[in-house]
Amino acid sequence: MTEVLIVIVIIAILTALGFGLVGMIKGGKAGSNRMFKSLVTRVTLSVVLFLFVMFAGYMGWIEPNNVMVDAPVVQK
């Protein structure tokens with residue numbers, strides 16, 4: 001469930017990025033307002049996503065990868 005929520009928020013961030021692109025292409029006052037709203041939306045969603053990932057890690061809902069478990073230890 002946590003992974004699905006993270007993917008949904010990432011898709012929402014990319015959608016806001018697309019709306020900003022449309023605003024940039026449109027130009028003028030209306031385009032500027034659309035770009036600003038898109039920027040605010042992207043920043044807000046990114047901060048919320050970051051805080052949610054930190055909270056999910058703290059609660060144990062997600063776990064970090066242990067990719068380097070078998071890495072050789074260099075002794076000096």
# chains A, B, ... in the order shown; residues from 1 in each chain; ligands from 1
>>> residues_around(residues="Thr15 of chain A", least_positions_apart="5", cutoff="12 Å", atoms="only C-alpha atoms", output="PDB file with C-alpha atoms, in the first residue's frame")
ATOM      1  CA  ILE A   8       0.608   7.981  -7.091  1.00  0.00           C
ATOM      2  CA  VAL A   9       2.304  11.055  -5.595  1.00  0.00           C
ATOM      3  CA  ILE A  10       5.168  10.792  -8.105  1.00  0.00           C
ATOM      4  CA  GLY A  20       3.767  23.887 -15.974  1.00  0.00           C
ATOM      5  CA  LEU A  21       5.049  23.036 -19.440  1.00  0.00           C
ATOM      6  CA  VAL A  22       1.673  23.898 -20.947  1.00  0.00           C
ATOM      7  CA  SER A  38       2.262  24.165 -10.944  1.00  0.00           C
ATOM      8  CA  LEU A  39       5.496  25.058  -9.145  1.00  0.00           C
ATOM      9  CA  THR A  41       1.962  22.098  -6.352  1.00  0.00           C
ATOM     10  CA  ARG A  42       5.212  20.313  -7.251  1.00  0.00           C
ATOM     11  CA  LEU A  45       3.880  17.342  -3.191  1.00  0.00           C
TER      12      LEU A  45
END
>>> residues_around(residues="Phe19 of chain A", least_positions_apart="3", cutoff="12 Å", atoms="only C-alpha atoms", output="PyMOL selection string")
chain A and resi 12-16+22-26+31-42
>>> closest_residue(among="A:Val47, A:Gly18, A:Thr2, A:Ala30", to="Met59 of chain A", atoms="only C-alpha atoms")
A:Thr2
>>> residues_around(residues="Val53 of chain A", least_positions_apart="4", cutoff="9 Å", atoms="only C-alpha atoms", output="ChimeraX atom specification")
/A:2,6,48-49,57-58,62
>>> write_last_selection(atoms="C-alpha atoms", output="PDB file, in the first residue's frame")
ATOM      1  CA  THR A   2       2.832   2.372   0.851  1.00  0.00           C
ATOM      2  CA  ILE A   6       4.399   6.803  -3.346  1.00  0.00           C
ATOM      3  CA  VAL A  48       4.876  15.793   1.512  1.00  0.00           C
ATOM      4  CA  LEU A  49       6.393  12.789  -0.289  1.00  0.00           C
ATOM      5  CA  GLY A  57      10.820   4.343   7.237  1.00  0.00           C
ATOM      6  CA  TYR A  58      10.529   5.282  10.897  1.00  0.00           C
ATOM      7  CA  ILE A  62       9.400   0.396   4.203  1.00  0.00           C
TER       8      ILE A  62
END
>>> select_by_dssp(residues="chain A", states="alpha helix (DSSP H)", output="count of residues only")
57
>>> decode(residues="chain A", atoms="C-alpha atoms", output="mmCIF file, in the first residue's frame")
data_model
loop_
_atom_site.group_PDB
_atom_site.id
_atom_site.type_symbol
_atom_site.label_atom_id
_atom_site.label_comp_id
_atom_site.auth_asym_id
_atom_site.auth_seq_id
_atom_site.Cartn_x
_atom_site.Cartn_y
_atom_site.Cartn_z
ATOM 1 C CA MET A 1 0.000 0.000 0.000
ATOM 2 C CA THR A 2 2.832 2.372 0.851
ATOM 3 C CA GLU A 3 4.523 1.794 -2.498
ATOM 4 C CA VAL A 4 1.273 2.481 -4.353
ATOM 5 C CA LEU A 5 0.831 5.782 -2.516
ATOM 6 C CA ILE A 6 4.399 6.803 -3.346
ATOM 7 C CA VAL A 7 3.883 6.014 -7.042
ATOM 8 C CA ILE A 8 0.608 7.981 -7.091
ATOM 9 C CA VAL A 9 2.304 11.055 -5.595
ATOM 10 C CA ILE A 10 5.168 10.792 -8.105
ATOM 11 C CA ILE A 11 2.649 10.637 -10.948
ATOM 12 C CA ALA A 12 0.901 13.717 -9.503
ATOM 13 C CA ILE A 13 4.262 15.544 -9.407
ATOM 14 C CA LEU A 14 4.910 14.661 -13.053
ATOM 15 C CA THR A 15 1.386 15.783 -13.979
ATOM 16 C CA ALA A 16 2.000 19.148 -12.316
ATOM 17 C CA LEU A 17 5.242 19.361 -14.274
ATOM 18 C CA GLY A 18 3.244 18.827 -17.483
ATOM 19 C CA PHE A 19 0.793 21.588 -16.537
ATOM 20 C CA GLY A 20 3.767 23.887 -15.974
ATOM 21 C CA LEU A 21 5.049 23.036 -19.440
ATOM 22 C CA VAL A 22 1.673 23.898 -20.947
ATOM 23 C CA GLY A 23 1.714 27.197 -19.069
ATOM 24 C CA MET A 24 5.208 27.956 -20.333
ATOM 25 C CA ILE A 25 4.203 27.217 -23.913
ATOM 26 C CA LYS A 26 1.008 29.268 -23.588
ATOM 27 C CA GLY A 27 2.874 32.273 -22.200
ATOM 28 C CA GLY A 28 1.378 35.572 -21.092
ATOM 29 C CA LYS A 29 -0.325 36.302 -17.780
ATOM 30 C CA ALA A 30 -2.479 33.145 -17.784
ATOM 31 C CA GLY A 31 0.524 30.973 -18.589
ATOM 32 C CA SER A 32 2.556 32.611 -15.857
ATOM 33 C CA ASN A 33 -0.180 31.935 -13.307
ATOM 34 C CA ARG A 34 -0.436 28.313 -14.426
ATOM 35 C CA MET A 35 3.345 27.888 -14.125
ATOM 36 C CA PHE A 36 3.336 29.402 -10.638
ATOM 37 C CA LYS A 37 0.503 27.162 -9.443
ATOM 38 C CA SER A 38 2.262 24.165 -10.944
ATOM 39 C CA LEU A 39 5.496 25.058 -9.145
ATOM 40 C CA VAL A 40 3.705 25.435 -5.817
ATOM 41 C CA THR A 41 1.962 22.098 -6.352
ATOM 42 C CA ARG A 42 5.212 20.313 -7.251
ATOM 43 C CA VAL A 43 7.106 21.693 -4.278
ATOM 44 C CA THR A 44 4.272 20.883 -1.878
ATOM 45 C CA LEU A 45 3.880 17.342 -3.191
ATOM 46 C CA SER A 46 7.646 16.783 -3.074
ATOM 47 C CA VAL A 47 7.883 17.923 0.549
ATOM 48 C CA VAL A 48 4.876 15.793 1.512
ATOM 49 C CA LEU A 49 6.393 12.789 -0.289
ATOM 50 C CA PHE A 50 9.738 13.267 1.462
ATOM 51 C CA LEU A 51 8.096 13.530 4.872
ATOM 52 C CA PHE A 52 5.915 10.494 4.161
ATOM 53 C CA VAL A 53 8.912 8.386 3.106
ATOM 54 C CA MET A 54 10.791 9.424 6.248
ATOM 55 C CA PHE A 55 7.752 8.595 8.413
ATOM 56 C CA ALA A 56 7.192 5.259 6.641
ATOM 57 C CA GLY A 57 10.820 4.343 7.237
ATOM 58 C CA TYR A 58 10.529 5.282 10.897
ATOM 59 C CA MET A 59 7.352 3.214 11.301
ATOM 60 C CA GLY A 60 8.934 0.232 9.540
ATOM 61 C CA TRP A 61 6.481 0.230 6.637
ATOM 62 C CA ILE A 62 9.400 0.396 4.203
ATOM 63 C CA GLU A 63 12.954 -0.823 4.631
ATOM 64 C CA PRO A 64 16.159 0.299 2.963
ATOM 65 C CA ASN A 65 17.877 -2.019 0.512
ATOM 66 C CA ASN A 66 20.840 -4.002 1.810
ATOM 67 C CA VAL A 67 22.697 -4.008 -1.476
ATOM 68 C CA MET A 68 26.187 -3.743 0.021
ATOM 69 C CA VAL A 69 25.795 -6.495 2.637
ATOM 70 C CA ASP A 70 28.433 -8.725 1.086
ATOM 71 C CA ALA A 71 30.854 -5.939 0.180
ATOM 72 C CA PRO A 72 34.467 -6.742 0.966
ATOM 73 C CA VAL A 73 35.966 -4.984 3.965
ATOM 74 C CA VAL A 74 39.246 -3.232 3.264
ATOM 75 C CA GLN A 75 41.617 -3.419 6.192
ATOM 76 C CA LYS A 76 44.557 -1.070 6.535
#
